[in-house]
$ cat coords-v4.pdb   # PDB, C-alpha atoms
ATOM      1  CA  MET A  25       7.214 -10.994  25.756
ATOM      2  CA  SER A  26       7.375  -7.848  23.700
ATOM      3  CA  ASP A  27       7.880  -8.596  20.021
ATOM      4  CA  THR A  28       7.580  -5.438  17.996
ATOM      5  CA  TRP A  29       8.903  -4.377  14.633
ATOM      6  CA  SER A  30       9.839  -0.967  13.347
ATOM      7  CA  VAL A  31       9.753   0.690   9.968
ATOM      8  CA  ALA A  32      11.044   4.209   9.258
ATOM      9  CA  GLY A  33      11.227   4.962  12.965
ATOM     10  CA  ARG A  34       7.674   3.860  13.765
ATOM     11  CA  THR A  35       7.140   0.806  15.964
ATOM     12  CA  PHE A  36       4.244  -1.606  15.596
ATOM     13  CA  THR A  37       3.047  -4.676  17.485
ATOM     14  CA  SER A  38       0.859  -6.210  14.788
ATOM     15  CA  ARG A  39       2.759  -7.805  11.909
ATOM     16  CA  LEU A  40      -0.306  -7.936   9.701
ATOM     17  CA  ILE A  41      -1.034  -5.096   7.279
ATOM     18  CA  VAL A  42      -4.414  -5.267   5.589
ATOM     19  CA  GLY A  43      -5.854  -3.632   2.504
ATOM     20  CA  THR A  44      -9.124  -1.759   2.328
ATOM     21  CA  GLY A  45     -10.257  -2.707  -1.174
ATOM     22  CA  LYS A  46     -12.965  -5.079  -2.423
ATOM     23  CA  TYR A  47     -15.127  -5.048   0.729
ATOM     24  CA  LYS A  48     -18.909  -5.098   0.461
ATOM     25  CA  SER A  49     -19.245  -2.059   2.713
ATOM     26  CA  PHE A  50     -17.218   0.308   4.831
ATOM     27  CA  GLU A  51     -18.795  -1.297   7.917
ATOM     28  CA  GLN A  52     -17.568  -4.759   6.928
ATOM     29  CA  ASN A  53     -14.160  -3.326   6.106
ATOM     30  CA  ALA A  54     -13.881  -1.649   9.513
ATOM     31  CA  ALA A  55     -14.993  -4.830  11.307
ATOM     32  CA  ALA A  56     -12.395  -6.880   9.418
ATOM     33  CA  VAL A  57      -9.629  -4.410  10.263
ATOM     34  CA  ALA A  58     -10.618  -4.606  13.942
ATOM     35  CA  ALA A  59     -10.651  -8.421  13.867
ATOM     36  CA  SER A  60      -7.276  -8.539  12.124
ATOM     37  CA  GLY A  61      -5.629  -6.457  14.836
ATOM     38  CA  ALA A  62      -3.813  -4.552  12.069
ATOM     39  CA  GLU A  63      -2.260  -1.221  12.984
ATOM     40  CA  ILE A  64      -1.572  -0.289   9.356
ATOM     41  CA  VAL A  65      -3.990  -0.336   6.423
ATOM     42  CA  THR A  66      -3.219   0.325   2.795
ATOM     43  CA  VAL A  67      -5.332   2.856   0.949
ATOM     44  CA  ALA A  68      -5.498   4.050  -2.641
ATOM     45  CA  VAL A  69      -5.463   7.623  -3.899
ATOM     46  CA  ARG A  70      -8.246   8.455  -6.321
ATOM     47  CA  ARG A  71     -10.073  11.436  -7.763
ATOM     48  CA  VAL A  72     -12.902  12.693  -5.558
ATOM     49  CA  ASN A  73     -16.353  12.170  -6.983
ATOM     50  CA  VAL A  74     -17.151  15.726  -8.005
ATOM     51  CA  SER A  75     -20.648  14.791  -9.172
ATOM     52  CA  ASP A  76     -21.580  13.318  -5.768
ATOM     53  CA  PRO A  77     -19.318  14.876  -3.132
ATOM     54  CA  GLY A  78     -21.524  13.893  -0.194
ATOM     55  CA  GLN A  79     -20.669  10.175  -0.345
ATOM     56  CA  PRO A  80     -19.238   8.592   2.820
ATOM     57  CA  LEU A  81     -15.467   8.359   2.988
ATOM     58  CA  LEU A  82     -13.180   5.586   4.188
ATOM     59  CA  THR A  83     -11.884   7.946   6.883
ATOM     60  CA  ASP A  84     -15.389   8.078   8.387
ATOM     61  CA  PHE A  85     -15.107   4.369   9.193
ATOM     62  CA  ILE A  86     -11.392   3.724   9.754
ATOM     63  CA  ASP A  87      -9.888   6.525  11.827
ATOM     64  CA  PRO A  88      -6.490   7.606  10.474
ATOM     65  CA  LYS A  89      -5.604   8.861  13.954
ATOM     66  CA  LYS A  90      -5.832   5.304  15.322
ATOM     67  CA  ILE A  91      -4.815   3.225  12.283
ATOM     68  CA  THR A  92      -1.806   4.220  10.180
ATOM     69  CA  TYR A  93      -2.852   4.818   6.582
ATOM     70  CA  LEU A  94      -0.286   3.528   4.104
ATOM     71  CA  PRO A  95      -1.085   5.159   0.741
ATOM     72  CA  ASN A  96      -0.300   2.984  -2.253
ATOM     73  CA  THR A  97       0.294   3.551  -5.941
ATOM     74  CA  ALA A  98      -1.856   0.680  -7.168
ATOM     75  CA  GLY A  99      -2.718   1.113 -10.814
ATOM     76  CA  CYS A 100       0.452   3.060 -11.649
ATOM     77  CA  PHE A 101       2.501   1.681 -14.534
ATOM     78  CA  THR A 102       5.287   4.282 -14.643
ATOM     79  CA  ALA A 103       7.623   5.790 -12.066
ATOM     80  CA  ALA A 104       6.316   9.260 -12.947
ATOM     81  CA  ASP A 105       2.688   8.321 -12.246
ATOM     82  CA  ALA A 106       3.607   6.622  -8.972
ATOM     83  CA  VAL A 107       5.628   9.599  -7.734
ATOM     84  CA  ARG A 108       2.861  12.002  -8.753
ATOM     85  CA  THR A 109       0.291   9.890  -6.885
ATOM     86  CA  LEU A 110       2.368   9.781  -3.717
ATOM     87  CA  ARG A 111       3.009  13.521  -3.747
ATOM     88  CA  LEU A 112      -0.772  13.917  -3.618
ATOM     89  CA  ALA A 113      -1.020  11.216  -0.955
ATOM     90  CA  ARG A 114       1.512  12.996   1.226
ATOM     91  CA  GLU A 115      -0.514  16.180   0.950
ATOM     92  CA  ALA A 116      -3.787  14.353   1.673
ATOM     93  CA  GLY A 117      -2.466  12.448   4.648
ATOM     94  CA  GLY A 118       0.365  14.562   5.920
ATOM     95  CA  TRP A 119       2.858  11.721   6.349
ATOM     96  CA  ASP A 120       5.768  10.336   4.372
ATOM     97  CA  LEU A 121       5.438   6.563   4.937
ATOM     98  CA  VAL A 122       4.073   5.191   1.669
ATOM     99  CA  LYS A 123       3.761   1.973  -0.305
ATOM    100  CA  LEU A 124       5.284   2.064  -3.759
ATOM    101  CA  GLU A 125       4.193  -0.331  -6.443
ATOM    102  CA  VAL A 126       4.855   0.194 -10.126
ATOM    103  CA  LEU A 127       3.167  -2.451 -12.223
ATOM    104  CA  GLY A 128       4.477  -3.909 -15.455
ATOM    105  CA  GLU A 129       1.324  -5.323 -17.027
ATOM    106  CA  ALA A 130      -2.351  -5.749 -16.213
ATOM    107  CA  LYS A 131      -2.474  -9.522 -16.732
ATOM    108  CA  THR A 132      -0.037 -10.512 -13.991
ATOM    109  CA  LEU A 133       0.274  -7.205 -12.083
ATOM    110  CA  TYR A 134       3.934  -8.112 -11.836
ATOM    111  CA  PRO A 135       6.093  -5.181 -10.744
ATOM    112  CA  ASP A 136       8.206  -3.339 -13.302
ATOM    113  CA  MET A 137      11.473  -3.317 -11.384
ATOM    114  CA  ARG A 138      13.236  -0.780 -13.607
ATOM    115  CA  GLU A 139      10.488   1.764 -13.003
ATOM    116  CA  THR A 140      10.151   0.711  -9.360
ATOM    117  CA  LEU A 141      13.836   1.384  -8.689
ATOM    118  CA  LYS A 142      13.650   4.725 -10.489
ATOM    119  CA  ALA A 143      10.595   5.766  -8.458
ATOM    120  CA  THR A 144      12.261   4.643  -5.212
ATOM    121  CA  GLU A 145      15.254   6.893  -5.893
ATOM    122  CA  THR A 146      13.032   9.885  -6.686
ATOM    123  CA  LEU A 147      10.838   9.361  -3.622
ATOM    124  CA  VAL A 148      13.781   9.010  -1.269
ATOM    125  CA  ALA A 149      15.320  12.194  -2.705
ATOM    126  CA  GLU A 150      12.036  13.983  -1.956
ATOM    127  CA  GLY A 151      11.962  12.807   1.653
ATOM    128  CA  PHE A 152       9.485   9.950   1.345
ATOM    129  CA  ARG A 153       9.904   6.689   3.274
ATOM    130  CA  PRO A 154       8.808   4.104   0.695
ATOM    131  CA  MET A 155       7.895   0.510   1.500
ATOM    132  CA  VAL A 156       8.368  -1.140  -1.872
ATOM    133  CA  TYR A 157       6.425  -3.930  -3.567
ATOM    134  CA  CYS A 158       8.811  -6.007  -5.653
ATOM    135  CA  VAL A 159       9.614  -9.304  -7.291
ATOM    136  CA  ASP A 160      10.890 -12.103  -5.068
ATOM    137  CA  ASP A 161      14.443 -11.529  -6.254
ATOM    138  CA  PRO A 162      17.202 -11.076  -3.652
ATOM    139  CA  ILE A 163      19.287  -8.917  -5.988
ATOM    140  CA  ALA A 164      16.411  -6.579  -6.778
ATOM    141  CA  ALA A 165      15.656  -6.421  -3.048
ATOM    142  CA  ARG A 166      19.222  -5.385  -2.286
ATOM    143  CA  GLN A 167      19.136  -2.707  -4.973
ATOM    144  CA  LEU A 168      15.923  -1.288  -3.517
ATOM    145  CA  GLU A 169      17.415  -1.215  -0.050
ATOM    146  CA  GLU A 170      20.508   0.552  -1.385
ATOM    147  CA  ALA A 171      18.193   3.093  -3.025
ATOM    148  CA  GLY A 172      16.613   3.847   0.349
ATOM    149  CA  ALA A 173      13.524   1.618   0.545
ATOM    150  CA  VAL A 174      12.468   1.409   4.217
ATOM    151  CA  ALA A 175      10.884  -2.012   3.718
ATOM    152  CA  ILE A 176      11.118  -4.705   1.058
ATOM    153  CA  MET A 177       7.795  -6.248   0.095
ATOM    154  CA  PRO A 178       8.196  -9.180  -2.295
ATOM    155  CA  LEU A 179       5.176 -10.861  -3.794
ATOM    156  CA  GLY A 180       4.408 -14.401  -2.683
ATOM    157  CA  ALA A 181       2.302 -14.888  -5.829
ATOM    158  CA  PRO A 182       0.482 -12.498  -8.189
ATOM    159  CA  ILE A 183      -1.748  -9.854  -6.578
ATOM    160  CA  GLY A 184      -5.215 -11.192  -5.857
ATOM    161  CA  SER A 185      -4.341 -14.747  -6.935
ATOM    162  CA  GLY A 186      -4.507 -16.398  -3.522
ATOM    163  CA  LEU A 187      -1.941 -18.957  -4.658
ATOM    164  CA  GLY A 188       0.253 -18.739  -1.569
ATOM    165  CA  ILE A 189       4.043 -18.425  -1.311
ATOM    166  CA  GLN A 190       5.344 -19.842  -4.592
ATOM    167  CA  ASN A 191       9.069 -19.635  -3.894
ATOM    168  CA  ARG A 192      10.081 -20.065  -0.285
ATOM    169  CA  VAL A 193      13.747 -20.125  -1.238
ATOM    170  CA  THR A 194      13.784 -16.611  -2.685
ATOM    171  CA  ILE A 195      11.691 -15.172   0.152
ATOM    172  CA  ARG A 196      14.113 -16.684   2.665
ATOM    173  CA  LEU A 197      17.115 -15.354   0.731
ATOM    174  CA  ILE A 198      15.598 -11.859   0.745
ATOM    175  CA  VAL A 199      14.994 -12.090   4.503
ATOM    176  CA  GLU A 200      18.567 -13.241   5.115
ATOM    177  CA  GLY A 201      20.055 -10.468   3.012
ATOM    178  CA  ALA A 202      17.913  -7.540   4.062
ATOM    179  CA  GLY A 203      18.784  -4.871   6.596
ATOM    180  CA  VAL A 204      15.253  -3.441   6.523
ATOM    181  CA  PRO A 205      11.941  -5.169   7.291
ATOM    182  CA  VAL A 206      10.707  -7.719   4.745
ATOM    183  CA  LEU A 207       6.980  -8.240   4.321
ATOM    184  CA  VAL A 208       5.324 -10.620   1.908
ATOM    185  CA  ASP A 209       2.915  -8.496  -0.092
ATOM    186  CA  ALA A 210       0.444 -10.238  -2.380
ATOM    187  CA  GLY A 211      -0.416 -13.836  -3.057
ATOM    188  CA  VAL A 212      -1.619 -14.973   0.352
ATOM    189  CA  GLY A 213      -4.821 -17.003   0.000
ATOM    190  CA  THR A 214      -5.476 -18.471   3.392
ATOM    191  CA  ALA A 215      -4.134 -18.583   6.922
ATOM    192  CA  SER A 216      -1.448 -21.213   6.330
ATOM    193  CA  ASP A 217       0.083 -19.038   3.586
ATOM    194  CA  ALA A 218       0.511 -16.198   6.063
ATOM    195  CA  ALA A 219       2.043 -18.585   8.584
ATOM    196  CA  VAL A 220       4.533 -19.800   5.956
ATOM    197  CA  ALA A 221       5.657 -16.227   5.276
ATOM    198  CA  MET A 222       6.239 -15.626   8.958
ATOM    199  CA  GLU A 223       8.002 -18.969   9.472
ATOM    200  CA  LEU A 224      10.443 -17.941   6.739
ATOM    201  CA  GLY A 225      11.424 -15.018   8.944
ATOM    202  CA  CYS A 226       9.473 -12.216   7.331
ATOM    203  CA  ASP A 227       8.753  -9.235   9.562
ATOM    204  CA  GLY A 228       5.163  -9.092   8.413
ATOM    205  CA  VAL A 229       2.552  -9.868   5.803
ATOM    206  CA  LEU A 230       0.374  -7.554   3.745
ATOM    207  CA  MET A 231      -2.882  -8.849   2.307
ATOM    208  CA  ASN A 232      -6.199  -7.645   0.994
ATOM    209  CA  THR A 233      -8.112 -10.086  -1.200
ATOM    210  CA  ALA A 234      -7.594 -13.104   1.068
ATOM    211  CA  ILE A 235      -9.696 -11.365   3.706
ATOM    212  CA  ALA A 236     -12.022  -9.271   1.552
ATOM    213  CA  GLU A 237     -13.044 -12.156  -0.721
ATOM    214  CA  ALA A 238     -13.455 -14.765   2.015
ATOM    215  CA  LYS A 239     -17.065 -15.840   2.509
ATOM    216  CA  ASP A 240     -16.809 -14.392   6.006
ATOM    217  CA  PRO A 241     -14.184 -11.651   5.887
ATOM    218  CA  VAL A 242     -14.307 -10.806   9.578
ATOM    219  CA  THR A 243     -13.648 -14.416  10.618
ATOM    220  CA  MET A 244     -10.873 -14.707   8.026
ATOM    221  CA  ALA A 245      -9.340 -11.505   9.383
ATOM    222  CA  ARG A 246      -9.109 -13.128  12.798
ATOM    223  CA  ALA A 247      -7.685 -16.315  11.236
ATOM    224  CA  MET A 248      -4.965 -14.223   9.585
ATOM    225  CA  LYS A 249      -4.161 -12.473  12.847
ATOM    226  CA  LEU A 250      -3.677 -15.834  14.553
ATOM    227  CA  ALA A 251      -1.720 -17.267  11.610
ATOM    228  CA  VAL A 252       0.706 -14.369  11.542
ATOM    229  CA  GLU A 253       1.209 -14.674  15.301
ATOM    230  CA  SER A 254       1.634 -18.459  15.060
ATOM    231  CA  GLY A 255       4.106 -18.227  12.217
ATOM    232  CA  ARG A 256       6.091 -15.578  14.047
ATOM    233  CA  LEU A 257       6.237 -17.671  17.223
ATOM    234  CA  ALA A 258       7.300 -20.747  15.266
ATOM    235  CA  TYR A 259      10.081 -18.718  13.645
ATOM    236  CA  LEU A 260      11.263 -17.403  17.016
ATOM    237  CA  ALA A 261      11.021 -20.851  18.599
ATOM    238  CA  GLY A 262      13.235 -22.368  15.904
ATOM    239  CA  ARG A 263      11.721 -25.344  14.195
ATOM    240  CA  MET A 264      13.116 -28.888  14.336
ATOM    241  CA  GLY A 265      15.320 -30.076  11.538
ATOM    242  CA  GLN A 266      13.722 -31.977   8.700
ATOM    243  CA  ARG A 267      14.879 -35.573   8.290
ATOM    244  CA  ARG A 268      14.479 -37.986   5.459
ATOM    245  CA  TYR A 269      13.334 -40.974   7.442
ATOM    246  CA  ALA A 270      12.625 -42.907   4.315
ATOM    247  CA  ASP A 271      15.749 -41.829   2.485
ATOM    248  CA  PRO A 272      16.721 -44.788   0.275
ATOM    249  CA  SER A 273      20.486 -44.138   0.392
ATOM    250  CA  SER A 274      21.158 -46.509   3.305
ATOM    251  CA  PRO A 275      24.097 -48.781   2.713
ATOM    252  CA  LEU A 276      23.168 -52.009   1.074
ATOM    253  CA  ALA A 277      26.389 -53.640   2.299
ATOM    254  CA  GLY A 278      26.088 -55.955   5.254
ATOM    255  CA  LEU A 279      22.576 -57.085   4.516
ATOM    256  CA  ILE A 280      22.094 -60.686   5.598
TER     257      ILE A 280
ATOM    258  CA  MET B   6     -18.040  40.880 -19.737
ATOM    259  CA  ASP B   7     -17.480  37.273 -18.620
ATOM    260  CA  GLN B   8     -17.226  36.808 -14.860
ATOM    261  CA  THR B   9     -16.178  33.183 -15.080
ATOM    262  CA  VAL B  10     -12.990  31.301 -15.944
ATOM    263  CA  SER B  11     -12.620  27.999 -17.739
ATOM    264  CA  ILE B  12     -10.757  25.223 -15.915
ATOM    265  CA  ARG B  13     -10.501  21.440 -15.835
ATOM    266  CA  VAL B  14     -11.210  19.493 -12.644
ATOM    267  CA  ASN B  15     -10.383  15.776 -12.593
ATOM    268  CA  GLY B  16     -10.403  15.719 -16.356
ATOM    269  CA  ALA B  17     -13.753  17.460 -16.838
ATOM    270  CA  HIS B  18     -14.297  20.986 -18.123
ATOM    271  CA  ARG B  19     -15.929  23.437 -15.722
ATOM    272  CA  ARG B  20     -16.601  27.170 -15.473
ATOM    273  CA  VAL B  21     -16.178  28.813 -12.083
ATOM    274  CA  PRO B  22     -16.433  32.432 -10.904
ATOM    275  CA  ALA B  23     -13.376  34.529 -11.666
ATOM    276  CA  GLY B  24     -11.107  35.425  -8.769
ATOM    277  CA  ILE B  25     -11.901  32.542  -6.390
ATOM    278  CA  SER B  26      -9.218  30.724  -4.427
ATOM    279  CA  VAL B  27      -8.501  26.988  -4.645
ATOM    280  CA  ALA B  28     -10.113  26.536  -1.222
ATOM    281  CA  GLU B  29     -13.248  28.257  -2.530
ATOM    282  CA  LEU B  30     -13.152  26.038  -5.604
ATOM    283  CA  ALA B  31     -13.148  22.959  -3.365
ATOM    284  CA  ARG B  32     -16.113  24.271  -1.390
ATOM    285  CA  GLU B  33     -17.913  25.176  -4.615
ATOM    286  CA  LEU B  34     -17.538  21.494  -5.563
ATOM    287  CA  GLY B  35     -19.000  20.453  -2.215
ATOM    288  CA  LEU B  36     -15.648  19.310  -0.833
ATOM    289  CA  GLU B  37     -14.087  19.987   2.534
ATOM    290  CA  PRO B  38     -10.615  21.385   1.715
ATOM    291  CA  ALA B  39      -9.101  19.688   4.772
ATOM    292  CA  ARG B  40     -10.067  16.249   3.436
ATOM    293  CA  VAL B  41      -8.635  16.405  -0.057
ATOM    294  CA  ALA B  42      -5.310  16.970  -1.792
ATOM    295  CA  VAL B  43      -5.054  19.302  -4.750
ATOM    296  CA  GLU B  44      -2.700  19.303  -7.701
ATOM    297  CA  ARG B  45      -2.761  22.435  -9.897
ATOM    298  CA  ASN B  46      -1.079  22.242 -13.304
ATOM    299  CA  LEU B  47       0.945  19.213 -12.109
ATOM    300  CA  GLU B  48       2.151  21.024  -8.946
ATOM    301  CA  ILE B  49       0.907  20.177  -5.447
ATOM    302  CA  VAL B  50      -0.944  23.027  -3.762
ATOM    303  CA  PRO B  51      -0.044  22.692  -0.064
ATOM    304  CA  ARG B  52      -3.147  22.557   2.096
ATOM    305  CA  SER B  53      -1.924  25.556   4.074
ATOM    306  CA  THR B  54      -1.979  27.709   0.923
ATOM    307  CA  LEU B  55      -5.298  26.577  -0.600
ATOM    308  CA  ALA B  56      -6.993  29.807   0.450
ATOM    309  CA  ALA B  57      -4.168  31.946  -0.891
ATOM    310  CA  VAL B  58      -3.810  30.468  -4.398
ATOM    311  CA  ALA B  59      -6.120  31.994  -7.011
ATOM    312  CA  VAL B  60      -7.849  29.924  -9.669
ATOM    313  CA  GLU B  61      -6.806  31.134 -13.107
ATOM    314  CA  ASP B  62      -8.255  30.618 -16.545
ATOM    315  CA  GLY B  63      -6.941  27.425 -18.151
ATOM    316  CA  ASP B  64      -5.881  25.750 -14.893
ATOM    317  CA  ALA B  65      -6.010  21.954 -14.683
ATOM    318  CA  TYR B  66      -6.772  20.468 -11.263
ATOM    319  CA  GLU B  67      -6.608  16.995  -9.816
ATOM    320  CA  ILE B  68      -8.472  16.699  -6.530
ATOM    321  CA  VAL B  69      -8.006  13.376  -4.753
ATOM    322  CA  THR B  70      -8.757  11.614  -1.519
ATOM    323  CA  PHE B  71      -8.107   8.205   0.055
ATOM    324  CA  VAL B  72     -10.287   5.294  -1.002
ATOM    325  CA  GLY B  73     -10.188   1.598  -0.230
ATOM    326  CA  GLY B  74      -7.270  -0.218  -1.851
ATOM    327  CA  GLY B  75      -4.768  -3.029  -1.416
TER     328      GLY B  75
END

$ encode --input "coords-v4.pdb" --output "structure tokens"
Amino acid sequence: MSDTWSVAGRTFTSRLIVGTGKYKSFEQNAAAVAASGAEIVTVAVRRVNVSDPGQPLLTDFIDPKKITYLPNTAGCFTAADAVRTLRLAREAGGWDLVKLEVLGEAKTLYPDMRETLKATETLVAEGFRPMVYCVDDPIAARQLEEAGAVAIMPLGAPIGSGLGIQNRVTIRLIVEGAGVPVLVDAGVGTASDAAVAMELGCDGVLMNTAIAEAKDPVTMARAMKLAVESGRLAYLAGRMGQRRYADPSSPLAGLI
Amino acid sequence: MDQTVSIRVNGAHRRVPAGISVAELARELGLEPARVAVERNLEIVPRSTLAAVAVEDGDAYEIVTFVGGG
């Protein structure tokens, strides 16, 4: 059975997008990406090290011709900084599919939705195809889609927290209301969290720390691959209804 | 007569030979122009024009590449 998903005209089989930060080495990172089966990886845009230009690069280990690089705006706190970063990313990579995140504060890394919406509008006007990190708010999600976001990526919990999906209701509402792919981005801690996101009907899951900070990242990458596939299958299969077997509202009348 | 110009690269002051192109600047820094993106005075310099754009005194450059991130 072919079960693919598409974003901005590109079609993918894997529903798991993985980050490339926090790994011990490029080798470990590349092995984890391979084990995850991911076809898209997120990358950051940073100044080259002018004092030591001979250092190995991520592209030496993860081939951008085989794996789609999704440049992000991590660390940007204003729409202007995020747009500036992605203009550079488009020049560095040569493609327009990008991940937008505009953060509101360092403590929670919660998105600043006012700036995020502003940046989305600017990027779309400049021909970018932004996948947008956002709060788990169905109204905000709709506004982003109206502004031209090609994917809605609500947080499950704060970035790097590993707390899992905190509000299944809002994630489900976003999925139900969206006309573009919805991917949970941030907050996944372990395999069951990824499965929950997929069982809610999300098109995919994006994660970094859950794999990179596992004791064995390569094994966790495989666990996430299987969890995303399991959750997707469970969603497609249609789960049984939940019943309150022990519900205490049975009639008391007629008792002998 | 001074044969160099004063510029900023990634926030740091630097003197480079007068009259070089942005592509030559990248190579002077040990960088492969095809692997980086360059912003000059807040404007992107398209990769196809790196060899054609001249470095001028007072320019501010940001030169970036992809690194690991989430």

$ closest_residue --input "coords-v4.pdb" --among "A:Arg39, A:Lys90, A:Lys46, A:Lys249" --to "chain B" --atoms "only C-alpha atoms"
A:Lys46

$ atom_distance --input "coords-v4.pdb" --atom1 "CA of Ile195 in chain A" --atom2 "CA of Leu224 in chain A"
7.3 Å

$ resolve_selection --input "coords-v4.pdb" --expression "the PyMOL selection byres ((chain A and resi 125) around 6)" --output "CSV table (one decimal) with C-alpha atoms, keeping the file's coordinate frame"
chain,number,residue,atom,x,y,z
A,97,THR,CA,0.3,3.6,-5.9
A,124,LEU,CA,5.3,2.1,-3.8
A,126,VAL,CA,4.9,0.2,-10.1
A,157,TYR,CA,6.4,-3.9,-3.6

$ resolve_selection --input "coords-v4.pdb" --expression "the PyMOL selection byres ((chain B and resi 26-39) around 10)" --output "PyMOL selection string"
(chain A and resi 72-78+116-117) or (chain B and resi 14+21-25+40-43+45+50+52-61+66+68)

$ residues_near_point --input "coords-v4.pdb" --point "(10.3, 5.8, -5.7)" --cutoff "10 Å" --atoms "only C-alpha atoms" --output "ChimeraX atom specification"
/A:103-104,106-107,110,122-126,139-150,152-156,168,171-173

$ residues_near_point --input "coords-v4.pdb" --point "(-11.5, 18.5, -18.4)" --cutoff "12 Å" --atoms "all atoms listed in the file" --output "list in words"
Ser11, Ile12, Arg13, Val14, Asn15, Gly16, Ala17, His18, Arg19, Arg20, Gly63, Asp64, Ala65, Tyr66 and Glu67 of chain B

$ write_last_selection --input "coords-v4.pdb" --atoms "C-alpha atoms" --output "PDB file, in the frame of the given file"
ATOM      1  CA  SER B  11     -12.620  27.999 -17.739  1.00  0.00           C
ATOM      2  CA  ILE B  12     -10.757  25.223 -15.915  1.00  0.00           C
ATOM      3  CA  ARG B  13     -10.501  21.440 -15.835  1.00  0.00           C
ATOM      4  CA  VAL B  14     -11.210  19.493 -12.644  1.00  0.00           C
ATOM      5  CA  ASN B  15     -10.383  15.776 -12.593  1.00  0.00           C
ATOM      6  CA  GLY B  16     -10.403  15.719 -16.356  1.00  0.00           C
ATOM      7  CA  ALA B  17     -13.753  17.460 -16.838  1.00  0.00           C
ATOM      8  CA  HIS B  18     -14.297  20.986 -18.123  1.00  0.00           C
ATOM      9  CA  ARG B  19     -15.929  23.437 -15.722  1.00  0.00           C
ATOM     10  CA  ARG B  20     -16.601  27.170 -15.473  1.00  0.00           C
ATOM     11  CA  GLY B  63      -6.941  27.425 -18.151  1.00  0.00           C
ATOM     12  CA  ASP B  64      -5.881  25.750 -14.893  1.00  0.00           C
ATOM     13  CA  ALA B  65      -6.010  21.954 -14.683  1.00  0.00           C
ATOM     14  CA  TYR B  66      -6.772  20.468 -11.263  1.00  0.00           C
ATOM     15  CA  GLU B  67      -6.608  16.995  -9.816  1.00  0.00           C
TER      16      GLU B  67
END

$ interface_residues --input "coords-v4.pdb" --of "chain A" --to "chain B" --cutoff "7 Å" --atoms "all atoms listed in the file" --output "MDAnalysis selection string"
chainID A and resid 43:45 66:72 74 77 82 112 115:116 232

$ atom_distance --input "coords-v4.pdb" --atom1 "CA of Val229 in chain A" --atom2 "CA of Val252 in chain A"
7.5 Å

$ resolve_selection --input "coords-v4.pdb" --expression "the PyMOL selection byres ((chain A and resi 207) around 7)" --output "number ranges by chain"
A: 176-178, 205-206, 208-209, 226-230

$ closest_residue --input "coords-v4.pdb" --among "A:Gly225, A:Gly184, A:Gly213, A:Pro135" --to "Asp160 in chain A" --atoms "all atoms listed in the file"
A:Pro135

$ axis_aligned_box --input "coords-v4.pdb" --around "range 30-47 of chain B" --padding-each-side "8 Å" --output "AutoDock Vina command-line options"
--center_x -9.0 --center_y 21.1 --center_z -4.3 --size_x 35.9 --size_y 25.8 --size_z 34.1

$ atom_distance --input "coords-v4.pdb" --atom1 "CA of Leu133 in chain A" --atom2 "CA of Ile91 in chain A"
27.0 Å

$ decode --input "coords-v4.pdb" --residues "range 39-50 of chain B" --atoms "N, CA and C atoms" --output "short mmCIF file (atom, residue, chain, number, x, y, z; two decimals), in the first residue's frame"
data_model
loop_
_atom_site.label_atom_id
_atom_site.label_comp_id
_atom_site.auth_asym_id
_atom_site.auth_seq_id
_atom_site.Cartn_x
_atom_site.Cartn_y
_atom_site.Cartn_z
N ALA B 39 31.00 28.04 -3.77
CA ALA B 39 29.81 27.26 -4.09
C ALA B 39 29.14 26.68 -2.84
N ARG B 40 29.82 26.75 -1.69
CA ARG B 40 29.28 26.10 -0.49
C ARG B 40 28.80 27.10 0.55
N VAL B 41 28.80 28.36 0.22
CA VAL B 41 28.36 29.37 1.19
C VAL B 41 27.33 30.29 0.55
N ALA B 42 26.66 31.06 1.39
CA ALA B 42 25.78 32.13 0.90
C ALA B 42 26.31 33.44 1.46
N VAL B 43 26.21 34.48 0.65
CA VAL B 43 26.82 35.76 1.02
C VAL B 43 25.78 36.87 1.01
N GLU B 44 25.78 37.62 2.10
CA GLU B 44 24.97 38.83 2.19
C GLU B 44 25.93 40.00 2.25
N ARG B 45 25.71 41.01 1.38
CA ARG B 45 26.58 42.19 1.34
C ARG B 45 25.72 43.41 1.64
N ASN B 46 26.03 44.08 2.73
CA ASN B 46 25.28 45.28 3.14
C ASN B 46 23.77 44.99 3.16
N LEU B 47 23.42 43.85 3.76
CA LEU B 47 22.04 43.41 3.98
C LEU B 47 21.35 42.92 2.70
N GLU B 48 22.07 42.87 1.57
CA GLU B 48 21.48 42.35 0.33
C GLU B 48 22.16 41.03 -0.04
N ILE B 49 21.36 40.04 -0.45
CA ILE B 49 21.93 38.77 -0.91
C ILE B 49 22.75 39.02 -2.18
N VAL B 50 23.92 38.41 -2.23
CA VAL B 50 24.69 38.39 -3.48
C VAL B 50 24.45 37.02 -4.12
#
